[in-house]
>>> print(open('data.cif').read())   # mmCIF, N, CA and C atoms
data_model
#
loop_
_atom_site.label_atom_id
_atom_site.label_comp_id
_atom_site.auth_asym_id
_atom_site.auth_seq_id
_atom_site.Cartn_x
_atom_site.Cartn_y
_atom_site.Cartn_z
N MET A 11 -25.05 -5.40 -13.75
CA MET A 11 -24.62 -5.67 -12.38
C MET A 11 -23.80 -4.49 -11.88
N ALA A 12 -24.18 -3.94 -10.76
CA ALA A 12 -23.49 -2.79 -10.19
C ALA A 12 -22.22 -3.23 -9.48
N ILE A 13 -21.17 -2.46 -9.66
CA ILE A 13 -19.91 -2.71 -8.97
C ILE A 13 -19.91 -1.85 -7.71
N THR A 14 -19.54 -2.45 -6.60
CA THR A 14 -19.45 -1.68 -5.36
C THR A 14 -18.05 -1.80 -4.80
N VAL A 15 -17.66 -0.80 -4.05
CA VAL A 15 -16.36 -0.80 -3.38
C VAL A 15 -16.48 -1.75 -2.18
N PRO A 16 -15.54 -2.71 -2.06
CA PRO A 16 -15.61 -3.63 -0.92
C PRO A 16 -15.50 -2.87 0.41
N ARG A 17 -16.18 -3.39 1.42
CA ARG A 17 -16.13 -2.78 2.75
C ARG A 17 -14.71 -2.91 3.30
N ARG A 18 -14.23 -1.85 3.91
CA ARG A 18 -12.86 -1.82 4.42
C ARG A 18 -12.84 -1.37 5.87
N GLN A 19 -11.74 -1.74 6.54
CA GLN A 19 -11.44 -1.25 7.87
C GLN A 19 -10.06 -0.59 7.79
N LEU A 20 -9.61 -0.07 8.91
CA LEU A 20 -8.26 0.50 8.97
C LEU A 20 -7.29 -0.63 9.31
N PHE A 21 -6.11 -0.62 8.70
CA PHE A 21 -5.09 -1.63 8.99
C PHE A 21 -4.06 -0.98 9.91
N ILE A 22 -4.13 -1.34 11.18
CA ILE A 22 -3.25 -0.74 12.20
C ILE A 22 -2.68 -1.86 13.06
N GLY A 23 -1.37 -1.86 13.23
CA GLY A 23 -0.74 -2.84 14.10
C GLY A 23 -0.93 -4.26 13.62
N SER A 24 -0.84 -4.47 12.33
CA SER A 24 -0.95 -5.79 11.71
C SER A 24 -2.34 -6.41 11.80
N GLN A 25 -3.35 -5.59 12.00
CA GLN A 25 -4.70 -6.14 12.02
C GLN A 25 -5.72 -5.13 11.50
N TRP A 26 -6.82 -5.65 11.00
CA TRP A 26 -7.91 -4.80 10.53
C TRP A 26 -8.75 -4.38 11.73
N THR A 27 -9.03 -3.08 11.84
CA THR A 27 -9.78 -2.56 12.97
C THR A 27 -10.81 -1.54 12.49
N GLU A 28 -11.85 -1.40 13.28
CA GLU A 28 -12.84 -0.36 13.02
C GLU A 28 -12.24 0.99 13.43
N PRO A 29 -12.62 2.07 12.77
CA PRO A 29 -12.13 3.39 13.19
C PRO A 29 -12.61 3.72 14.60
N PHE A 30 -11.85 4.54 15.28
CA PHE A 30 -12.12 4.92 16.67
C PHE A 30 -13.56 5.37 16.86
N MET A 31 -14.06 6.21 15.99
CA MET A 31 -15.42 6.73 16.12
C MET A 31 -16.44 5.87 15.37
N SER A 32 -16.00 4.76 14.80
CA SER A 32 -16.88 3.84 14.06
C SER A 32 -17.67 4.55 12.97
N SER A 33 -17.07 5.56 12.36
CA SER A 33 -17.77 6.26 11.29
C SER A 33 -17.15 5.93 9.93
N ASN A 34 -17.96 6.08 8.92
CA ASN A 34 -17.54 5.79 7.56
C ASN A 34 -17.87 6.97 6.66
N THR A 35 -17.15 7.05 5.55
CA THR A 35 -17.35 8.08 4.56
C THR A 35 -17.86 7.43 3.28
N PRO A 36 -18.90 7.97 2.69
CA PRO A 36 -19.39 7.37 1.45
C PRO A 36 -18.42 7.60 0.29
N VAL A 37 -18.34 6.61 -0.59
CA VAL A 37 -17.57 6.72 -1.83
C VAL A 37 -18.60 6.94 -2.93
N VAL A 38 -18.45 8.05 -3.66
CA VAL A 38 -19.44 8.43 -4.67
C VAL A 38 -18.84 8.30 -6.07
N ASN A 39 -19.56 7.64 -6.94
CA ASN A 39 -19.16 7.56 -8.35
C ASN A 39 -19.44 8.93 -8.96
N PRO A 40 -18.40 9.66 -9.39
CA PRO A 40 -18.63 11.01 -9.91
C PRO A 40 -19.42 11.04 -11.22
N ALA A 41 -19.44 9.92 -11.94
CA ALA A 41 -20.18 9.89 -13.20
C ALA A 41 -21.68 9.77 -12.98
N THR A 42 -22.08 9.07 -11.92
CA THR A 42 -23.50 8.82 -11.67
C THR A 42 -24.01 9.46 -10.38
N GLU A 43 -23.08 9.87 -9.53
CA GLU A 43 -23.38 10.40 -8.20
C GLU A 43 -24.02 9.36 -7.28
N ASP A 44 -23.91 8.08 -7.65
CA ASP A 44 -24.39 7.00 -6.79
C ASP A 44 -23.35 6.70 -5.73
N ILE A 45 -23.82 6.34 -4.53
CA ILE A 45 -22.91 5.86 -3.49
C ILE A 45 -22.56 4.42 -3.84
N ILE A 46 -21.26 4.17 -3.99
CA ILE A 46 -20.82 2.83 -4.41
C ILE A 46 -20.15 2.06 -3.28
N GLY A 47 -20.06 2.67 -2.12
CA GLY A 47 -19.48 1.98 -0.98
C GLY A 47 -19.15 2.97 0.11
N TYR A 48 -18.50 2.44 1.14
CA TYR A 48 -18.09 3.26 2.28
C TYR A 48 -16.67 2.90 2.68
N ILE A 49 -15.92 3.90 3.10
CA ILE A 49 -14.57 3.67 3.62
C ILE A 49 -14.51 4.22 5.03
N PRO A 50 -13.61 3.66 5.87
CA PRO A 50 -13.53 4.15 7.25
C PRO A 50 -13.06 5.59 7.31
N ALA A 51 -13.65 6.36 8.21
CA ALA A 51 -13.26 7.75 8.43
C ALA A 51 -12.34 7.77 9.64
N ALA A 52 -11.05 7.83 9.38
CA ALA A 52 -10.08 7.84 10.48
C ALA A 52 -10.08 9.19 11.19
N THR A 53 -9.82 9.12 12.47
CA THR A 53 -9.74 10.33 13.30
C THR A 53 -8.29 10.51 13.75
N SER A 54 -8.04 11.59 14.46
CA SER A 54 -6.69 11.80 14.98
C SER A 54 -6.30 10.68 15.95
N GLU A 55 -7.27 10.11 16.65
CA GLU A 55 -6.99 8.97 17.54
C GLU A 55 -6.51 7.76 16.75
N ASP A 56 -7.14 7.53 15.60
CA ASP A 56 -6.71 6.42 14.74
C ASP A 56 -5.29 6.66 14.22
N VAL A 57 -5.00 7.89 13.86
CA VAL A 57 -3.66 8.24 13.38
C VAL A 57 -2.63 7.99 14.47
N GLU A 58 -2.95 8.41 15.69
CA GLU A 58 -2.03 8.19 16.82
C GLU A 58 -1.77 6.69 17.03
N LEU A 59 -2.83 5.88 16.95
CA LEU A 59 -2.65 4.42 17.09
C LEU A 59 -1.77 3.88 15.96
N ALA A 60 -1.98 4.36 14.76
CA ALA A 60 -1.18 3.90 13.62
C ALA A 60 0.28 4.30 13.76
N VAL A 61 0.53 5.52 14.19
CA VAL A 61 1.91 5.99 14.38
C VAL A 61 2.58 5.17 15.48
N GLU A 62 1.88 4.93 16.58
CA GLU A 62 2.43 4.12 17.66
C GLU A 62 2.75 2.70 17.18
N ALA A 63 1.84 2.12 16.41
CA ALA A 63 2.07 0.76 15.88
C ALA A 63 3.26 0.75 14.92
N ALA A 64 3.40 1.80 14.11
CA ALA A 64 4.52 1.87 13.17
C ALA A 64 5.84 2.00 13.91
N ARG A 65 5.85 2.82 14.93
CA ARG A 65 7.08 2.97 15.74
C ARG A 65 7.46 1.65 16.40
N LYS A 66 6.47 0.96 16.92
CA LYS A 66 6.72 -0.33 17.56
C LYS A 66 7.27 -1.34 16.54
N ALA A 67 6.70 -1.34 15.34
CA ALA A 67 7.17 -2.26 14.30
C ALA A 67 8.61 -1.96 13.90
N LEU A 68 8.96 -0.68 13.84
CA LEU A 68 10.32 -0.31 13.44
C LEU A 68 11.36 -0.67 14.50
N THR A 69 10.93 -0.74 15.75
CA THR A 69 11.88 -1.08 16.81
C THR A 69 11.88 -2.57 17.16
N ARG A 70 10.98 -3.33 16.57
CA ARG A 70 10.94 -4.77 16.81
C ARG A 70 12.30 -5.37 16.44
N ASN A 71 12.76 -6.29 17.23
CA ASN A 71 14.06 -6.91 17.00
C ASN A 71 15.17 -5.86 16.95
N LYS A 72 15.06 -4.86 17.82
CA LYS A 72 16.03 -3.76 17.91
C LYS A 72 16.18 -3.01 16.59
N GLY A 73 15.12 -2.99 15.80
CA GLY A 73 15.13 -2.26 14.55
C GLY A 73 15.85 -2.97 13.42
N ASN A 74 16.20 -4.22 13.61
CA ASN A 74 16.99 -4.93 12.60
C ASN A 74 16.16 -5.60 11.51
N ASP A 75 14.86 -5.75 11.71
CA ASP A 75 14.06 -6.47 10.73
C ASP A 75 14.10 -5.81 9.35
N TRP A 76 13.72 -4.56 9.29
CA TRP A 76 13.62 -3.89 7.99
C TRP A 76 14.87 -3.07 7.68
N SER A 77 15.41 -2.40 8.67
CA SER A 77 16.53 -1.51 8.39
C SER A 77 17.76 -2.26 7.90
N LYS A 78 17.90 -3.50 8.26
CA LYS A 78 19.05 -4.27 7.82
C LYS A 78 18.73 -5.23 6.66
N ALA A 79 17.49 -5.18 6.20
CA ALA A 79 17.10 -6.05 5.08
C ALA A 79 17.86 -5.62 3.83
N SER A 80 18.33 -6.59 3.10
CA SER A 80 19.06 -6.30 1.85
C SER A 80 18.10 -5.73 0.81
N GLY A 81 18.69 -5.12 -0.19
CA GLY A 81 17.89 -4.63 -1.31
C GLY A 81 17.13 -5.75 -1.98
N ALA A 82 17.74 -6.94 -2.06
CA ALA A 82 17.08 -8.09 -2.69
C ALA A 82 15.83 -8.49 -1.91
N VAL A 83 15.92 -8.46 -0.59
CA VAL A 83 14.75 -8.80 0.24
C VAL A 83 13.65 -7.77 0.02
N ARG A 84 14.02 -6.51 0.05
CA ARG A 84 13.04 -5.44 -0.16
C ARG A 84 12.41 -5.55 -1.55
N ALA A 85 13.25 -5.87 -2.52
CA ALA A 85 12.77 -6.00 -3.90
C ALA A 85 11.73 -7.12 -4.02
N ARG A 86 11.92 -8.21 -3.29
CA ARG A 86 10.95 -9.31 -3.33
C ARG A 86 9.57 -8.83 -2.87
N TYR A 87 9.55 -8.02 -1.80
CA TYR A 87 8.26 -7.49 -1.33
C TYR A 87 7.63 -6.60 -2.40
N LEU A 88 8.42 -5.71 -2.97
CA LEU A 88 7.90 -4.78 -3.98
C LEU A 88 7.41 -5.52 -5.22
N ARG A 89 8.14 -6.54 -5.63
CA ARG A 89 7.72 -7.32 -6.81
C ARG A 89 6.46 -8.14 -6.52
N ALA A 90 6.32 -8.59 -5.28
CA ALA A 90 5.10 -9.33 -4.91
C ALA A 90 3.88 -8.41 -5.00
N ILE A 91 4.05 -7.16 -4.58
CA ILE A 91 2.94 -6.20 -4.70
C ILE A 91 2.62 -5.96 -6.17
N ALA A 92 3.65 -5.76 -6.99
CA ALA A 92 3.44 -5.55 -8.43
C ALA A 92 2.71 -6.73 -9.05
N ALA A 93 3.09 -7.94 -8.66
CA ALA A 93 2.45 -9.14 -9.21
C ALA A 93 0.98 -9.21 -8.82
N LYS A 94 0.65 -8.84 -7.59
CA LYS A 94 -0.76 -8.86 -7.16
C LYS A 94 -1.58 -7.80 -7.90
N VAL A 95 -0.99 -6.63 -8.10
CA VAL A 95 -1.70 -5.60 -8.86
C VAL A 95 -1.97 -6.10 -10.28
N THR A 96 -0.97 -6.72 -10.89
CA THR A 96 -1.13 -7.25 -12.25
C THR A 96 -2.17 -8.37 -12.28
N GLU A 97 -2.10 -9.25 -11.29
CA GLU A 97 -3.05 -10.38 -11.21
C GLU A 97 -4.49 -9.89 -11.08
N ARG A 98 -4.68 -8.80 -10.35
CA ARG A 98 -6.03 -8.29 -10.09
C ARG A 98 -6.34 -7.03 -10.90
N LYS A 99 -5.61 -6.86 -12.00
CA LYS A 99 -5.72 -5.65 -12.82
C LYS A 99 -7.16 -5.34 -13.23
N SER A 100 -7.88 -6.33 -13.70
CA SER A 100 -9.24 -6.09 -14.17
C SER A 100 -10.14 -5.59 -13.05
N GLU A 101 -10.09 -6.25 -11.90
CA GLU A 101 -10.90 -5.86 -10.75
C GLU A 101 -10.52 -4.46 -10.27
N LEU A 102 -9.22 -4.21 -10.15
CA LEU A 102 -8.76 -2.90 -9.69
C LEU A 102 -9.10 -1.80 -10.68
N ALA A 103 -8.99 -2.09 -11.97
CA ALA A 103 -9.34 -1.09 -12.99
C ALA A 103 -10.82 -0.75 -12.93
N ASN A 104 -11.66 -1.75 -12.74
CA ASN A 104 -13.09 -1.49 -12.62
C ASN A 104 -13.39 -0.60 -11.41
N LEU A 105 -12.76 -0.91 -10.29
CA LEU A 105 -12.97 -0.08 -9.09
C LEU A 105 -12.46 1.34 -9.31
N GLU A 106 -11.30 1.46 -9.94
CA GLU A 106 -10.73 2.79 -10.20
C GLU A 106 -11.64 3.59 -11.14
N ALA A 107 -12.20 2.93 -12.15
CA ALA A 107 -13.07 3.62 -13.10
C ALA A 107 -14.31 4.18 -12.42
N ILE A 108 -14.94 3.38 -11.55
CA ILE A 108 -16.15 3.90 -10.90
C ILE A 108 -15.83 4.88 -9.78
N ASP A 109 -14.65 4.75 -9.18
CA ASP A 109 -14.26 5.67 -8.11
C ASP A 109 -13.89 7.04 -8.67
N CYS A 110 -13.26 7.06 -9.84
CA CYS A 110 -12.79 8.32 -10.42
C CYS A 110 -13.67 8.84 -11.55
N GLY A 111 -14.55 7.99 -12.05
CA GLY A 111 -15.39 8.40 -13.18
C GLY A 111 -14.62 8.47 -14.48
N LYS A 112 -13.55 7.68 -14.58
CA LYS A 112 -12.72 7.71 -15.79
C LYS A 112 -13.02 6.50 -16.67
N PRO A 113 -12.64 6.56 -17.94
CA PRO A 113 -12.85 5.41 -18.83
C PRO A 113 -12.08 4.19 -18.33
N LEU A 114 -12.66 3.03 -18.55
CA LEU A 114 -12.07 1.78 -18.08
C LEU A 114 -10.68 1.56 -18.67
N ASP A 115 -10.49 1.87 -19.95
CA ASP A 115 -9.16 1.68 -20.56
C ASP A 115 -8.10 2.51 -19.85
N GLU A 116 -8.44 3.74 -19.49
CA GLU A 116 -7.48 4.59 -18.79
C GLU A 116 -7.19 4.04 -17.39
N ALA A 117 -8.21 3.53 -16.72
CA ALA A 117 -8.01 2.93 -15.40
C ALA A 117 -7.12 1.70 -15.50
N ALA A 118 -7.26 0.93 -16.57
CA ALA A 118 -6.40 -0.25 -16.77
C ALA A 118 -4.95 0.18 -17.00
N TRP A 119 -4.75 1.27 -17.74
CA TRP A 119 -3.38 1.79 -17.93
C TRP A 119 -2.80 2.22 -16.59
N ASP A 120 -3.66 2.81 -15.76
CA ASP A 120 -3.19 3.22 -14.43
C ASP A 120 -2.69 2.03 -13.63
N MET A 121 -3.37 0.91 -13.74
CA MET A 121 -2.94 -0.29 -13.00
C MET A 121 -1.59 -0.78 -13.52
N ASP A 122 -1.38 -0.68 -14.84
CA ASP A 122 -0.06 -1.02 -15.39
C ASP A 122 1.01 -0.09 -14.82
N ASP A 123 0.66 1.20 -14.70
CA ASP A 123 1.60 2.17 -14.13
C ASP A 123 1.91 1.86 -12.67
N VAL A 124 0.89 1.48 -11.91
CA VAL A 124 1.10 1.14 -10.50
C VAL A 124 2.07 -0.03 -10.39
N ALA A 125 1.81 -1.10 -11.13
CA ALA A 125 2.70 -2.27 -11.10
C ALA A 125 4.10 -1.87 -11.55
N GLY A 126 4.19 -1.05 -12.58
CA GLY A 126 5.49 -0.60 -13.08
C GLY A 126 6.27 0.19 -12.05
N CYS A 127 5.58 1.01 -11.26
CA CYS A 127 6.27 1.77 -10.20
C CYS A 127 6.87 0.83 -9.17
N PHE A 128 6.13 -0.17 -8.75
CA PHE A 128 6.67 -1.12 -7.77
C PHE A 128 7.86 -1.88 -8.35
N GLU A 129 7.80 -2.22 -9.64
CA GLU A 129 8.93 -2.89 -10.29
C GLU A 129 10.15 -1.96 -10.36
N TYR A 130 9.90 -0.71 -10.67
CA TYR A 130 10.98 0.28 -10.76
C TYR A 130 11.70 0.39 -9.42
N TYR A 131 10.94 0.53 -8.34
CA TYR A 131 11.56 0.67 -7.03
C TYR A 131 12.19 -0.63 -6.55
N ALA A 132 11.69 -1.76 -7.02
CA ALA A 132 12.36 -3.04 -6.73
C ALA A 132 13.74 -3.04 -7.37
N ASP A 133 13.83 -2.57 -8.60
CA ASP A 133 15.14 -2.48 -9.27
C ASP A 133 16.09 -1.56 -8.49
N LEU A 134 15.56 -0.43 -8.01
CA LEU A 134 16.40 0.49 -7.23
C LEU A 134 16.86 -0.17 -5.93
N ALA A 135 15.97 -0.91 -5.30
CA ALA A 135 16.33 -1.59 -4.05
C ALA A 135 17.47 -2.58 -4.30
N GLU A 136 17.39 -3.31 -5.39
CA GLU A 136 18.48 -4.25 -5.71
C GLU A 136 19.78 -3.50 -5.98
N GLY A 137 19.66 -2.31 -6.54
CA GLY A 137 20.84 -1.49 -6.78
C GLY A 137 21.54 -1.08 -5.49
N LEU A 138 20.78 -1.03 -4.39
CA LEU A 138 21.39 -0.71 -3.10
C LEU A 138 22.43 -1.76 -2.71
N ASP A 139 22.14 -3.03 -3.04
CA ASP A 139 23.10 -4.09 -2.72
C ASP A 139 24.41 -3.88 -3.45
N ALA A 140 24.33 -3.55 -4.73
CA ALA A 140 25.54 -3.34 -5.51
C ALA A 140 26.31 -2.14 -4.97
N LYS A 141 25.58 -1.11 -4.58
CA LYS A 141 26.22 0.09 -4.03
C LYS A 141 26.90 -0.25 -2.70
N ALA A 142 26.24 -1.06 -1.87
CA ALA A 142 26.81 -1.44 -0.57
C ALA A 142 28.05 -2.30 -0.75
N GLU A 143 28.05 -3.18 -1.75
CA GLU A 143 29.20 -4.05 -2.00
C GLU A 143 30.43 -3.24 -2.40
N GLY A 144 30.22 -2.13 -3.07
CA GLY A 144 31.33 -1.30 -3.50
C GLY A 144 31.78 -0.31 -2.44
N SER A 145 31.11 -0.30 -1.31
CA SER A 145 31.42 0.64 -0.24
C SER A 145 32.50 0.08 0.68
N SER A 146 33.22 0.98 1.31
CA SER A 146 34.26 0.56 2.26
C SER A 146 33.67 0.36 3.65
N PHE A 147 32.39 0.66 3.80
CA PHE A 147 31.74 0.47 5.10
C PHE A 147 31.42 -1.00 5.31
N SER A 148 31.60 -1.48 6.54
CA SER A 148 31.30 -2.87 6.81
C SER A 148 29.81 -3.09 6.96
N SER A 149 29.07 -2.07 7.34
CA SER A 149 27.64 -2.20 7.50
C SER A 149 26.98 -0.95 6.92
N VAL A 150 26.20 -1.11 5.89
CA VAL A 150 25.55 0.02 5.25
C VAL A 150 24.07 -0.03 5.63
N ARG A 151 23.58 1.06 6.17
CA ARG A 151 22.16 1.16 6.48
C ARG A 151 21.51 1.83 5.28
N TYR A 152 20.43 1.28 4.81
CA TYR A 152 19.79 1.77 3.62
C TYR A 152 18.93 3.00 3.86
N PHE A 153 18.31 3.09 5.02
CA PHE A 153 17.42 4.23 5.29
C PHE A 153 17.70 4.76 6.66
#
>>> encode(input="data.cif", output="structure tokens")
Amino acid sequence: MAITVPRRQLFIGSQWTEPFMSSNTPVVNPATEDIIGYIPAATSEDVELAVEAARKALTRNKGNDWSKASGAVRARYLRAIAAKVTERKSELANLEAIDCGKPLDEAAWDMDDVAGCFEYYADLAEGLDAKAEGSSFSSVRYF
């Protein structure tokens, strides 16, 4: 049974959208040179839309949503991503192996590394809370 890369769109402004020019780029398995799927080919127009959407998201609620989120809140998001990567490790490793032409065992180790990175940064985010508590500032902005 052949593994194929799932069809994707661009995620802009909290929704999946087709690229501006509706074009796609083939994904080629370097080991077999077979086309295993297609990914959206973003243009400068798509980038502009994404930047505009990101700016709008950062200013939502006067910029207080994410900029004032505690390290613990941020850590929960990062750990949720790590958990999903771990949960889908087999599927992701298979996709990584055919996308990169690498051995499946190495791709599985890569998935462990990905989850580990999100866990590492979750720990750092929680450390921000401890750092803020020891600060003389009444309001510490994290970023």
>>> select_by_dssp(input="data.cif", residues="region 35-126 of chain A", states="strand (DSSP E)", output="list in words")
Thr35, Pro36, Val37, Val38, Ile45, Ile46, Gly47, Tyr48, Ile49 and Pro50 of chain A
>>> resolve_selection(input="data.cif", expression="the PyMOL selection byres ((chain A and resi 105-107) around 8)", output="ChimeraX atom specification")
/A:13-16,39-41,99-104,108-118
>>> resolve_selection(input="data.cif", expression="the PyMOL selection byres (((chain A and resi 89 and name CA) around 12) and name CA)", output="PDB file with N, CA and C atoms, in the frame of the given file")
ATOM      1  N   GLY A  81      18.690  -5.120  -0.190  1.00  0.00           N
ATOM      2  CA  GLY A  81      17.890  -4.630  -1.310  1.00  0.00           C
ATOM      3  C   GLY A  81      17.130  -5.750  -1.980  1.00  0.00           C
ATOM      4  N   ALA A  82      17.740  -6.940  -2.060  1.00  0.00           N
ATOM      5  CA  ALA A  82      17.080  -8.090  -2.690  1.00  0.00           C
ATOM      6  C   ALA A  82      15.830  -8.490  -1.910  1.00  0.00           C
ATOM      7  N   VAL A  83      15.920  -8.460  -0.590  1.00  0.00           N
ATOM      8  CA  VAL A  83      14.750  -8.800   0.240  1.00  0.00           C
ATOM      9  C   VAL A  83      13.650  -7.770   0.020  1.00  0.00           C
ATOM     10  N   ARG A  84      14.020  -6.510   0.050  1.00  0.00           N
ATOM     11  CA  ARG A  84      13.040  -5.440  -0.160  1.00  0.00           C
ATOM     12  C   ARG A  84      12.410  -5.550  -1.550  1.00  0.00           C
ATOM     13  N   ALA A  85      13.250  -5.870  -2.520  1.00  0.00           N
ATOM     14  CA  ALA A  85      12.770  -6.000  -3.900  1.00  0.00           C
ATOM     15  C   ALA A  85      11.730  -7.120  -4.020  1.00  0.00           C
ATOM     16  N   ARG A  86      11.920  -8.210  -3.290  1.00  0.00           N
ATOM     17  CA  ARG A  86      10.950  -9.310  -3.330  1.00  0.00           C
ATOM     18  C   ARG A  86       9.570  -8.830  -2.870  1.00  0.00           C
ATOM     19  N   TYR A  87       9.550  -8.020  -1.800  1.00  0.00           N
ATOM     20  CA  TYR A  87       8.260  -7.490  -1.330  1.00  0.00           C
ATOM     21  C   TYR A  87       7.630  -6.600  -2.400  1.00  0.00           C
ATOM     22  N   LEU A  88       8.420  -5.710  -2.970  1.00  0.00           N
ATOM     23  CA  LEU A  88       7.900  -4.780  -3.980  1.00  0.00           C
ATOM     24  C   LEU A  88       7.410  -5.520  -5.220  1.00  0.00           C
ATOM     25  N   ALA A  90       6.320  -8.590  -5.280  1.00  0.00           N
ATOM     26  CA  ALA A  90       5.100  -9.330  -4.910  1.00  0.00           C
ATOM     27  C   ALA A  90       3.880  -8.410  -5.000  1.00  0.00           C
ATOM     28  N   ILE A  91       4.050  -7.160  -4.580  1.00  0.00           N
ATOM     29  CA  ILE A  91       2.940  -6.200  -4.700  1.00  0.00           C
ATOM     30  C   ILE A  91       2.620  -5.960  -6.170  1.00  0.00           C
ATOM     31  N   ALA A  92       3.650  -5.760  -6.990  1.00  0.00           N
ATOM     32  CA  ALA A  92       3.440  -5.550  -8.430  1.00  0.00           C
ATOM     33  C   ALA A  92       2.710  -6.730  -9.050  1.00  0.00           C
ATOM     34  N   ALA A  93       3.090  -7.940  -8.660  1.00  0.00           N
ATOM     35  CA  ALA A  93       2.450  -9.140  -9.210  1.00  0.00           C
ATOM     36  C   ALA A  93       0.980  -9.210  -8.820  1.00  0.00           C
ATOM     37  N   LYS A  94       0.650  -8.840  -7.590  1.00  0.00           N
ATOM     38  CA  LYS A  94      -0.760  -8.860  -7.160  1.00  0.00           C
ATOM     39  C   LYS A  94      -1.580  -7.800  -7.900  1.00  0.00           C
ATOM     40  N   VAL A  95      -0.990  -6.630  -8.100  1.00  0.00           N
ATOM     41  CA  VAL A  95      -1.700  -5.600  -8.860  1.00  0.00           C
ATOM     42  C   VAL A  95      -1.970  -6.100 -10.280  1.00  0.00           C
ATOM     43  N   THR A  96      -0.970  -6.720 -10.890  1.00  0.00           N
ATOM     44  CA  THR A  96      -1.130  -7.250 -12.250  1.00  0.00           C
ATOM     45  C   THR A  96      -2.170  -8.370 -12.280  1.00  0.00           C
ATOM     46  N   VAL A 124       0.890   1.480 -11.910  1.00  0.00           N
ATOM     47  CA  VAL A 124       1.100   1.140 -10.500  1.00  0.00           C
ATOM     48  C   VAL A 124       2.070  -0.030 -10.390  1.00  0.00           C
ATOM     49  N   ALA A 125       1.810  -1.100 -11.130  1.00  0.00           N
ATOM     50  CA  ALA A 125       2.700  -2.270 -11.100  1.00  0.00           C
ATOM     51  C   ALA A 125       4.100  -1.870 -11.550  1.00  0.00           C
ATOM     52  N   GLY A 126       4.190  -1.050 -12.580  1.00  0.00           N
ATOM     53  CA  GLY A 126       5.490  -0.600 -13.080  1.00  0.00           C
ATOM     54  C   GLY A 126       6.270   0.190 -12.050  1.00  0.00           C
ATOM     55  N   CYS A 127       5.580   1.010 -11.260  1.00  0.00           N
ATOM     56  CA  CYS A 127       6.270   1.770 -10.200  1.00  0.00           C
ATOM     57  C   CYS A 127       6.870   0.830  -9.170  1.00  0.00           C
ATOM     58  N   PHE A 128       6.130  -0.170  -8.750  1.00  0.00           N
ATOM     59  CA  PHE A 128       6.670  -1.120  -7.770  1.00  0.00           C
ATOM     60  C   PHE A 128       7.860  -1.880  -8.350  1.00  0.00           C
ATOM     61  N   GLU A 129       7.800  -2.220  -9.640  1.00  0.00           N
ATOM     62  CA  GLU A 129       8.930  -2.890 -10.290  1.00  0.00           C
ATOM     63  C   GLU A 129      10.150  -1.960 -10.360  1.00  0.00           C
ATOM     64  N   TYR A 130       9.900  -0.710 -10.670  1.00  0.00           N
ATOM     65  CA  TYR A 130      10.980   0.280 -10.760  1.00  0.00           C
ATOM     66  C   TYR A 130      11.700   0.390  -9.420  1.00  0.00           C
ATOM     67  N   TYR A 131      10.940   0.530  -8.340  1.00  0.00           N
ATOM     68  CA  TYR A 131      11.560   0.670  -7.030  1.00  0.00           C
ATOM     69  C   TYR A 131      12.190  -0.630  -6.550  1.00  0.00           C
ATOM     70  N   ALA A 132      11.690  -1.760  -7.020  1.00  0.00           N
ATOM     71  CA  ALA A 132      12.360  -3.040  -6.730  1.00  0.00           C
ATOM     72  C   ALA A 132      13.740  -3.040  -7.370  1.00  0.00           C
ATOM     73  N   ASP A 133      13.830  -2.570  -8.600  1.00  0.00           N
ATOM     74  CA  ASP A 133      15.140  -2.480  -9.270  1.00  0.00           C
ATOM     75  C   ASP A 133      16.090  -1.560  -8.490  1.00  0.00           C
ATOM     76  N   LEU A 134      15.560  -0.430  -8.010  1.00  0.00           N
ATOM     77  CA  LEU A 134      16.400   0.490  -7.230  1.00  0.00           C
ATOM     78  C   LEU A 134      16.860  -0.170  -5.930  1.00  0.00           C
ATOM     79  N   ALA A 135      15.970  -0.910  -5.300  1.00  0.00           N
ATOM     80  CA  ALA A 135      16.330  -1.590  -4.050  1.00  0.00           C
ATOM     81  C   ALA A 135      17.470  -2.580  -4.300  1.00  0.00           C
ATOM     82  N   GLU A 136      17.390  -3.310  -5.390  1.00  0.00           N
ATOM     83  CA  GLU A 136      18.480  -4.250  -5.710  1.00  0.00           C
ATOM     84  C   GLU A 136      19.780  -3.500  -5.980  1.00  0.00           C
TER      85      GLU A 136
END
>>> atom_distance(input="data.cif", atom1="atom C of Leu68 (chain A)", atom2="CA of Gly144 (chain A)")
26.9 Å
>>> closest_residue(input="data.cif", among="A:Gln25, A:Ser80, A:Arg17, A:Ser54", to="Leu138 (chain A)", atoms="all atoms listed in the file")
A:Ser80
>>> resolve_selection(input="data.cif", expression="the PyMOL selection byres ((chain A and resi 36) around 7)", output="PyMOL selection string")
chain A and resi 34-35+37-38+45-49
>>> closest_residue(input="data.cif", among="A:Glu143, A:Ile22, A:Met121, A:Trp76", to="Ala64 (chain A)", atoms="only C-alpha atoms")
A:Ile22
>>> closest_residue(input="data.cif", among="A:Arg18, A:Arg70, A:Arg98, A:Lys141", to="Asp122 (chain A)", atoms="only C-alpha atoms")
A:Arg98
>>> atom_distance(input="data.cif", atom1="atom N of Lys72 (chain A)", atom2="atom C of Leu59 (chain A)")
19.1 Å
>>> atom_distance(input="data.cif", atom1="CA of Arg65 (chain A)", atom2="atom C of Ala142 (chain A)")
27.2 Å
